[in-house]
Amino acid sequence: MRALKNVRIKFMDKEVSCTALFDTGSNYTVIQRTFFEKNFGTNWLKLPRTIKLYLVNGEFVEADKYAQITIIIDDVELLPPEIVLIVDKFVDEIEVEGRKIKLPELIIGSGTMDKYGIILDPKEGVKLTGAALLL
């Protein structure tokens with residue numbers, strides 16, 4: 001299941017808004033390098049080895065950088081900060097089930113959703129359970 005939502009992310013002393021795709025089919029949380037670099041500079045860390053990933057449309061990409069960011073959903077700051085992979089090759093739009101959609105700046109994967117108690121409700125979209133609020 002997938003849902004789009006506007007969120008805020010904080011890195012170091014700066015906070016910005018972005019669109020996030022909450023994707024239960026994704027194992028990783030990833031962010032566009034161009035978006036990250038524009039807003040936070042190149043203050044990322046290098047991974048010991050490159051990770052190979054597939055986007056929602058099946059396109060293959062690689063990640064070799066990461067950062068720890070704080071995700072803020074509906075004014076709730078999710079702590080501790082989450083590790084996000086920074087992806088260089090990030091397409092602007094993809095085709096899913098015959099529809100072209102703009103790919104958001106941030107994709108939040110199932111591991112992050114589980115960690116913070118985020119669920120996707122077919123009627124209400126992205127919801128935080130009590131587990132996330134206790135952190």
# chains A, B, ... in the order shown; residues from 1 in each chain; ligands from 1
$ residues_around --residues "stretch 119-130 of chain A" --least-positions-apart "5" --cutoff "9 Å" --atoms "only C-alpha atoms" --output "PDB file with all heavy atoms, in the first residue's frame"
ATOM      1  N   MET A   1       0.839  -1.178   0.000  1.00  0.00           N
ATOM      2  CA  MET A   1       0.000   0.000   0.000  1.00  0.00           C
ATOM      3  C   MET A   1       0.884   1.241   0.000  1.00  0.00           C
ATOM      4  O   MET A   1       1.984   1.225   0.538  1.00  0.00           O
ATOM      5  CB  MET A   1      -0.906  -0.017   1.243  1.00  0.00           C
ATOM      6  CG  MET A   1      -1.883   1.098   1.268  1.00  0.00           C
ATOM      7  SD  MET A   1      -3.074   0.815   2.601  1.00  0.00           S
ATOM      8  CE  MET A   1      -4.081   2.215   2.328  1.00  0.00           C
ATOM      9  N   ARG A   2       0.379   2.303  -0.607  1.00  0.00           N
ATOM     10  CA  ARG A   2       1.137   3.551  -0.703  1.00  0.00           C
ATOM     11  C   ARG A   2       0.240   4.737  -0.373  1.00  0.00           C
ATOM     12  O   ARG A   2      -0.954   4.713  -0.640  1.00  0.00           O
ATOM     13  CB  ARG A   2       1.697   3.720  -2.111  1.00  0.00           C
ATOM     14  CG  ARG A   2       2.649   2.634  -2.507  1.00  0.00           C
ATOM     15  CD  ARG A   2       3.208   2.881  -3.891  1.00  0.00           C
ATOM     16  NE  ARG A   2       4.041   1.753  -4.249  1.00  0.00           N
ATOM     17  CZ  ARG A   2       3.718   0.858  -5.159  1.00  0.00           C
ATOM     18  NH1 ARG A   2       2.593   0.955  -5.815  1.00  0.00           N
ATOM     19  NH2 ARG A   2       4.526  -0.139  -5.412  1.00  0.00           N
ATOM     20  N   ALA A   3       0.862   5.786   0.165  1.00  0.00           N
ATOM     21  CA  ALA A   3       0.144   7.032   0.438  1.00  0.00           C
ATOM     22  C   ALA A   3       1.125   8.197   0.365  1.00  0.00           C
ATOM     23  O   ALA A   3       2.279   8.063   0.781  1.00  0.00           O
ATOM     24  CB  ALA A   3      -0.510   6.987   1.814  1.00  0.00           C
ATOM     25  N   LEU A   4       0.674   9.316  -0.169  1.00  0.00           N
ATOM     26  CA  LEU A   4       1.472  10.536  -0.230  1.00  0.00           C
ATOM     27  C   LEU A   4       1.077  11.464   0.914  1.00  0.00           C
ATOM     28  O   LEU A   4      -0.104  11.543   1.272  1.00  0.00           O
ATOM     29  CB  LEU A   4       1.247  11.265  -1.551  1.00  0.00           C
ATOM     30  CG  LEU A   4       1.879  10.642  -2.789  1.00  0.00           C
ATOM     31  CD1 LEU A   4       1.344  11.314  -4.041  1.00  0.00           C
ATOM     32  CD2 LEU A   4       3.394  10.754  -2.734  1.00  0.00           C
ATOM     33  N   LYS A   5       2.070  12.170   1.460  1.00  0.00           N
ATOM     34  CA  LYS A   5       1.785  13.126   2.536  1.00  0.00           C
ATOM     35  C   LYS A   5       2.916  14.149   2.582  1.00  0.00           C
ATOM     36  O   LYS A   5       4.079  13.810   2.397  1.00  0.00           O
ATOM     37  CB  LYS A   5       1.686  12.404   3.879  1.00  0.00           C
ATOM     38  CG  LYS A   5       1.292  13.323   5.031  1.00  0.00           C
ATOM     39  CD  LYS A   5       0.925  12.519   6.243  1.00  0.00           C
ATOM     40  CE  LYS A   5       0.461  13.371   7.386  1.00  0.00           C
ATOM     41  NZ  LYS A   5      -0.798  14.050   7.154  1.00  0.00           N
ATOM     42  N   PHE A  22       4.816   7.143   1.372  1.00  0.00           N
ATOM     43  CA  PHE A  22       4.888   6.066   2.357  1.00  0.00           C
ATOM     44  C   PHE A  22       4.585   4.789   1.597  1.00  0.00           C
ATOM     45  O   PHE A  22       3.485   4.634   1.052  1.00  0.00           O
ATOM     46  CB  PHE A  22       3.878   6.306   3.484  1.00  0.00           C
ATOM     47  CG  PHE A  22       4.236   7.468   4.355  1.00  0.00           C
ATOM     48  CD1 PHE A  22       4.012   8.771   3.935  1.00  0.00           C
ATOM     49  CD2 PHE A  22       4.814   7.257   5.592  1.00  0.00           C
ATOM     50  CE1 PHE A  22       4.344   9.842   4.745  1.00  0.00           C
ATOM     51  CE2 PHE A  22       5.157   8.336   6.407  1.00  0.00           C
ATOM     52  CZ  PHE A  22       4.924   9.630   5.983  1.00  0.00           C
ATOM     53  N   ASP A  23       5.567   3.883   1.510  1.00  0.00           N
ATOM     54  CA  ASP A  23       5.461   2.710   0.640  1.00  0.00           C
ATOM     55  C   ASP A  23       5.770   1.436   1.427  1.00  0.00           C
ATOM     56  O   ASP A  23       6.918   1.170   1.769  1.00  0.00           O
ATOM     57  CB  ASP A  23       6.435   2.867  -0.526  1.00  0.00           C
ATOM     58  CG  ASP A  23       6.340   1.766  -1.554  1.00  0.00           C
ATOM     59  OD1 ASP A  23       5.535   0.824  -1.379  1.00  0.00           O
ATOM     60  OD2 ASP A  23       7.088   1.830  -2.549  1.00  0.00           O
ATOM     61  N   THR A  24       4.731   0.645   1.707  1.00  0.00           N
ATOM     62  CA  THR A  24       4.922  -0.589   2.470  1.00  0.00           C
ATOM     63  C   THR A  24       5.716  -1.626   1.680  1.00  0.00           C
ATOM     64  O   THR A  24       6.229  -2.576   2.272  1.00  0.00           O
ATOM     65  CB  THR A  24       3.571  -1.201   2.893  1.00  0.00           C
ATOM     66  OG1 THR A  24       2.796  -1.461   1.726  1.00  0.00           O
ATOM     67  CG2 THR A  24       2.817  -0.274   3.824  1.00  0.00           C
ATOM     68  N   ILE A  73       5.890  14.474  11.257  1.00  0.00           N
ATOM     69  CA  ILE A  73       4.586  14.202  10.644  1.00  0.00           C
ATOM     70  C   ILE A  73       3.516  14.821  11.524  1.00  0.00           C
ATOM     71  O   ILE A  73       3.419  14.504  12.711  1.00  0.00           O
ATOM     72  CB  ILE A  73       4.337  12.686  10.510  1.00  0.00           C
ATOM     73  CG1 ILE A  73       5.446  12.026   9.686  1.00  0.00           C
ATOM     74  CG2 ILE A  73       2.967  12.412   9.898  1.00  0.00           C
ATOM     75  CD1 ILE A  73       5.392  10.519   9.679  1.00  0.00           C
ATOM     76  N   VAL A  76       4.441  16.008  14.861  1.00  0.00           N
ATOM     77  CA  VAL A  76       5.029  15.013  15.768  1.00  0.00           C
ATOM     78  C   VAL A  76       6.427  14.682  15.248  1.00  0.00           C
ATOM     79  O   VAL A  76       6.591  14.197  14.128  1.00  0.00           O
ATOM     80  CB  VAL A  76       4.171  13.737  15.852  1.00  0.00           C
ATOM     81  CG1 VAL A  76       4.850  12.692  16.739  1.00  0.00           C
ATOM     82  CG2 VAL A  76       2.778  14.060  16.369  1.00  0.00           C
ATOM     83  N   MET A 113       8.410   2.797   8.828  1.00  0.00           N
ATOM     84  CA  MET A 113       7.022   2.820   9.303  1.00  0.00           C
ATOM     85  C   MET A 113       6.847   1.922  10.520  1.00  0.00           C
ATOM     86  O   MET A 113       6.190   2.301  11.493  1.00  0.00           O
ATOM     87  CB  MET A 113       6.066   2.423   8.171  1.00  0.00           C
ATOM     88  CG  MET A 113       5.934   3.512   7.126  1.00  0.00           C
ATOM     89  SD  MET A 113       4.631   3.162   5.941  1.00  0.00           S
ATOM     90  CE  MET A 113       5.553   2.304   4.699  1.00  0.00           C
ATOM     91  N   ASP A 114       7.443   0.740  10.483  1.00  0.00           N
ATOM     92  CA  ASP A 114       7.357  -0.179  11.626  1.00  0.00           C
ATOM     93  C   ASP A 114       8.028   0.417  12.861  1.00  0.00           C
ATOM     94  O   ASP A 114       7.504   0.339  13.971  1.00  0.00           O
ATOM     95  CB  ASP A 114       7.998  -1.524  11.298  1.00  0.00           C
ATOM     96  CG  ASP A 114       7.209  -2.332  10.289  1.00  0.00           C
ATOM     97  OD1 ASP A 114       6.023  -2.010  10.046  1.00  0.00           O
ATOM     98  OD2 ASP A 114       7.782  -3.290   9.733  1.00  0.00           O
TER      99      ASP A 114
END
$ select_by_dssp --residues "chain A" --states "strand (DSSP E or B)" --output "ChimeraX atom specification"
/A:2-11,14-23,30-32,45-54,60-73,76-87,93-96,99-102,106-108,118-121,125-128
$ residues_around --residues "A:Lys65" --least-positions-apart "4" --cutoff "8 Å" --atoms "only C-alpha atoms" --output "PDB file with all heavy atoms, in the first residue's frame"
ATOM      1  N   TRP A  44      26.594  14.455   3.976  1.00  0.00           N
ATOM      2  CA  TRP A  44      26.223  13.050   4.137  1.00  0.00           C
ATOM      3  C   TRP A  44      27.450  12.207   4.455  1.00  0.00           C
ATOM      4  O   TRP A  44      28.579  12.686   4.393  1.00  0.00           O
ATOM      5  CB  TRP A  44      25.545  12.531   2.874  1.00  0.00           C
ATOM      6  CG  TRP A  44      26.329  12.775   1.617  1.00  0.00           C
ATOM      7  CD1 TRP A  44      27.557  12.267   1.282  1.00  0.00           C
ATOM      8  CD2 TRP A  44      25.953  13.589   0.524  1.00  0.00           C
ATOM      9  NE1 TRP A  44      27.957  12.712   0.058  1.00  0.00           N
ATOM     10  CE2 TRP A  44      26.984  13.526  -0.436  1.00  0.00           C
ATOM     11  CE3 TRP A  44      24.838  14.365   0.250  1.00  0.00           C
ATOM     12  CZ2 TRP A  44      26.926  14.213  -1.644  1.00  0.00           C
ATOM     13  CZ3 TRP A  44      24.788  15.042  -0.956  1.00  0.00           C
ATOM     14  CH2 TRP A  44      25.819  14.963  -1.874  1.00  0.00           C
ATOM     15  N   LEU A  45      27.211  10.959   4.793  1.00  0.00           N
ATOM     16  CA  LEU A  45      28.291  10.003   5.048  1.00  0.00           C
ATOM     17  C   LEU A  45      28.272   8.952   3.947  1.00  0.00           C
ATOM     18  O   LEU A  45      27.222   8.671   3.357  1.00  0.00           O
ATOM     19  CB  LEU A  45      28.098   9.345   6.420  1.00  0.00           C
ATOM     20  CG  LEU A  45      28.105  10.314   7.606  1.00  0.00           C
ATOM     21  CD1 LEU A  45      27.647   9.605   8.866  1.00  0.00           C
ATOM     22  CD2 LEU A  45      29.475  10.920   7.796  1.00  0.00           C
ATOM     23  N   LYS A  46      29.426   8.355   3.683  1.00  0.00           N
ATOM     24  CA  LYS A  46      29.523   7.311   2.658  1.00  0.00           C
ATOM     25  C   LYS A  46      29.254   5.942   3.286  1.00  0.00           C
ATOM     26  O   LYS A  46      29.713   5.661   4.390  1.00  0.00           O
ATOM     27  CB  LYS A  46      30.922   7.290   2.026  1.00  0.00           C
ATOM     28  CG  LYS A  46      31.245   8.516   1.195  1.00  0.00           C
ATOM     29  CD  LYS A  46      30.459   8.587  -0.081  1.00  0.00           C
ATOM     30  CE  LYS A  46      31.200   7.922  -1.205  1.00  0.00           C
ATOM     31  NZ  LYS A  46      30.496   7.981  -2.472  1.00  0.00           N
ATOM     32  N   LEU A  47      28.495   5.129   2.565  1.00  0.00           N
ATOM     33  CA  LEU A  47      28.270   3.747   2.987  1.00  0.00           C
ATOM     34  C   LEU A  47      29.538   2.934   2.739  1.00  0.00           C
ATOM     35  O   LEU A  47      30.285   3.232   1.801  1.00  0.00           O
ATOM     36  CB  LEU A  47      27.116   3.138   2.187  1.00  0.00           C
ATOM     37  CG  LEU A  47      25.720   3.662   2.497  1.00  0.00           C
ATOM     38  CD1 LEU A  47      24.735   3.225   1.424  1.00  0.00           C
ATOM     39  CD2 LEU A  47      25.265   3.176   3.856  1.00  0.00           C
ATOM     40  N   LEU A  85      18.835   6.651   2.982  1.00  0.00           N
ATOM     41  CA  LEU A  85      19.806   6.472   1.911  1.00  0.00           C
ATOM     42  C   LEU A  85      19.636   7.620   0.924  1.00  0.00           C
ATOM     43  O   LEU A  85      18.509   8.020   0.616  1.00  0.00           O
ATOM     44  CB  LEU A  85      19.592   5.141   1.209  1.00  0.00           C
ATOM     45  CG  LEU A  85      19.716   3.900   2.096  1.00  0.00           C
ATOM     46  CD1 LEU A  85      19.413   2.642   1.297  1.00  0.00           C
ATOM     47  CD2 LEU A  85      21.092   3.817   2.730  1.00  0.00           C
ATOM     48  N   ILE A  86      20.731   8.149   0.432  1.00  0.00           N
ATOM     49  CA  ILE A  86      20.701   9.257  -0.521  1.00  0.00           C
ATOM     50  C   ILE A  86      20.992   8.683  -1.901  1.00  0.00           C
ATOM     51  O   ILE A  86      22.030   8.060  -2.120  1.00  0.00           O
ATOM     52  CB  ILE A  86      21.727  10.333  -0.124  1.00  0.00           C
ATOM     53  CG1 ILE A  86      21.362  10.876   1.269  1.00  0.00           C
ATOM     54  CG2 ILE A  86      21.775  11.441  -1.168  1.00  0.00           C
ATOM     55  CD1 ILE A  86      22.395  11.758   1.893  1.00  0.00           C
ATOM     56  N   VAL A  87      20.037   8.877  -2.808  1.00  0.00           N
ATOM     57  CA  VAL A  87      20.103   8.267  -4.137  1.00  0.00           C
ATOM     58  C   VAL A  87      20.403   9.333  -5.179  1.00  0.00           C
ATOM     59  O   VAL A  87      19.687  10.330  -5.292  1.00  0.00           O
ATOM     60  CB  VAL A  87      18.776   7.543  -4.460  1.00  0.00           C
ATOM     61  CG1 VAL A  87      18.804   6.951  -5.849  1.00  0.00           C
ATOM     62  CG2 VAL A  87      18.498   6.466  -3.431  1.00  0.00           C
TER      63      VAL A  87
END
$ closest_atom_pairs --of "stretch 10-70 of chain A" --to "stretch 108-111 of chain A" --cutoff "8 Å" --atoms "only C-alpha atoms" --output "tab-separated table"
residue	atom	partner	partner_atom	distance
A:Ala20	CA	A:Ile108	CA	6.7
A:Leu21	CA	A:Ile108	CA	6.0
A:Phe22	CA	A:Ile108	CA	4.8
A:Asp23	CA	A:Gly109	CA	5.3
A:Thr24	CA	A:Ser110	CA	4.6
A:Gly25	CA	A:Ser110	CA	6.7
A:Ser26	CA	A:Gly109	CA	4.6
A:Asn27	CA	A:Gly109	CA	5.2
A:Tyr28	CA	A:Gly109	CA	4.8
A:Thr29	CA	A:Ile108	CA	4.5
A:Val30	CA	A:Ile108	CA	6.7
$ write_last_selection --atoms "N, CA, C and O atoms" --output "tab-separated table (two decimals), in the first residue's frame"
chain	number	residue	atom	x	y	z
A	20	ALA	N	6.36	13.15	0.80
A	20	ALA	CA	6.86	11.80	1.07
A	20	ALA	C	5.87	10.76	0.55
A	20	ALA	O	4.66	10.94	0.66
A	21	LEU	N	6.41	9.72	-0.03
A	21	LEU	CA	5.62	8.55	-0.41
A	21	LEU	C	5.86	7.50	0.65
A	21	LEU	O	6.99	7.05	0.85
A	22	PHE	N	4.82	7.14	1.37
A	22	PHE	CA	4.89	6.07	2.36
A	22	PHE	C	4.59	4.79	1.60
A	22	PHE	O	3.49	4.63	1.05
A	23	ASP	N	5.57	3.88	1.51
A	23	ASP	CA	5.46	2.71	0.64
A	23	ASP	C	5.77	1.44	1.43
A	23	ASP	O	6.92	1.17	1.77
A	24	THR	N	4.73	0.65	1.71
A	24	THR	CA	4.92	-0.59	2.47
A	24	THR	C	5.72	-1.63	1.68
A	24	THR	O	6.23	-2.58	2.27
A	25	GLY	N	5.84	-1.45	0.37
A	25	GLY	CA	6.61	-2.38	-0.45
A	25	GLY	C	8.09	-2.06	-0.52
A	25	GLY	O	8.87	-2.82	-1.09
A	26	SER	N	8.49	-0.94	0.05
A	26	SER	CA	9.89	-0.54	0.03
A	26	SER	C	10.57	-0.96	1.33
A	26	SER	O	10.05	-0.72	2.42
A	27	ASN	N	11.75	-1.54	1.21
A	27	ASN	CA	12.51	-1.93	2.40
A	27	ASN	C	13.31	-0.78	2.99
A	27	ASN	O	13.70	-0.83	4.15
A	28	TYR	N	13.58	0.24	2.17
A	28	TYR	CA	14.46	1.33	2.60
A	28	TYR	C	13.75	2.67	2.54
A	28	TYR	O	12.80	2.86	1.77
A	29	THR	N	14.26	3.62	3.31
A	29	THR	CA	13.82	5.00	3.23
A	29	THR	C	14.91	5.74	2.47
A	29	THR	O	16.09	5.66	2.83
A	30	VAL	N	14.51	6.43	1.40
A	30	VAL	CA	15.48	7.08	0.51
A	30	VAL	C	15.05	8.51	0.22
A	30	VAL	O	13.87	8.85	0.27
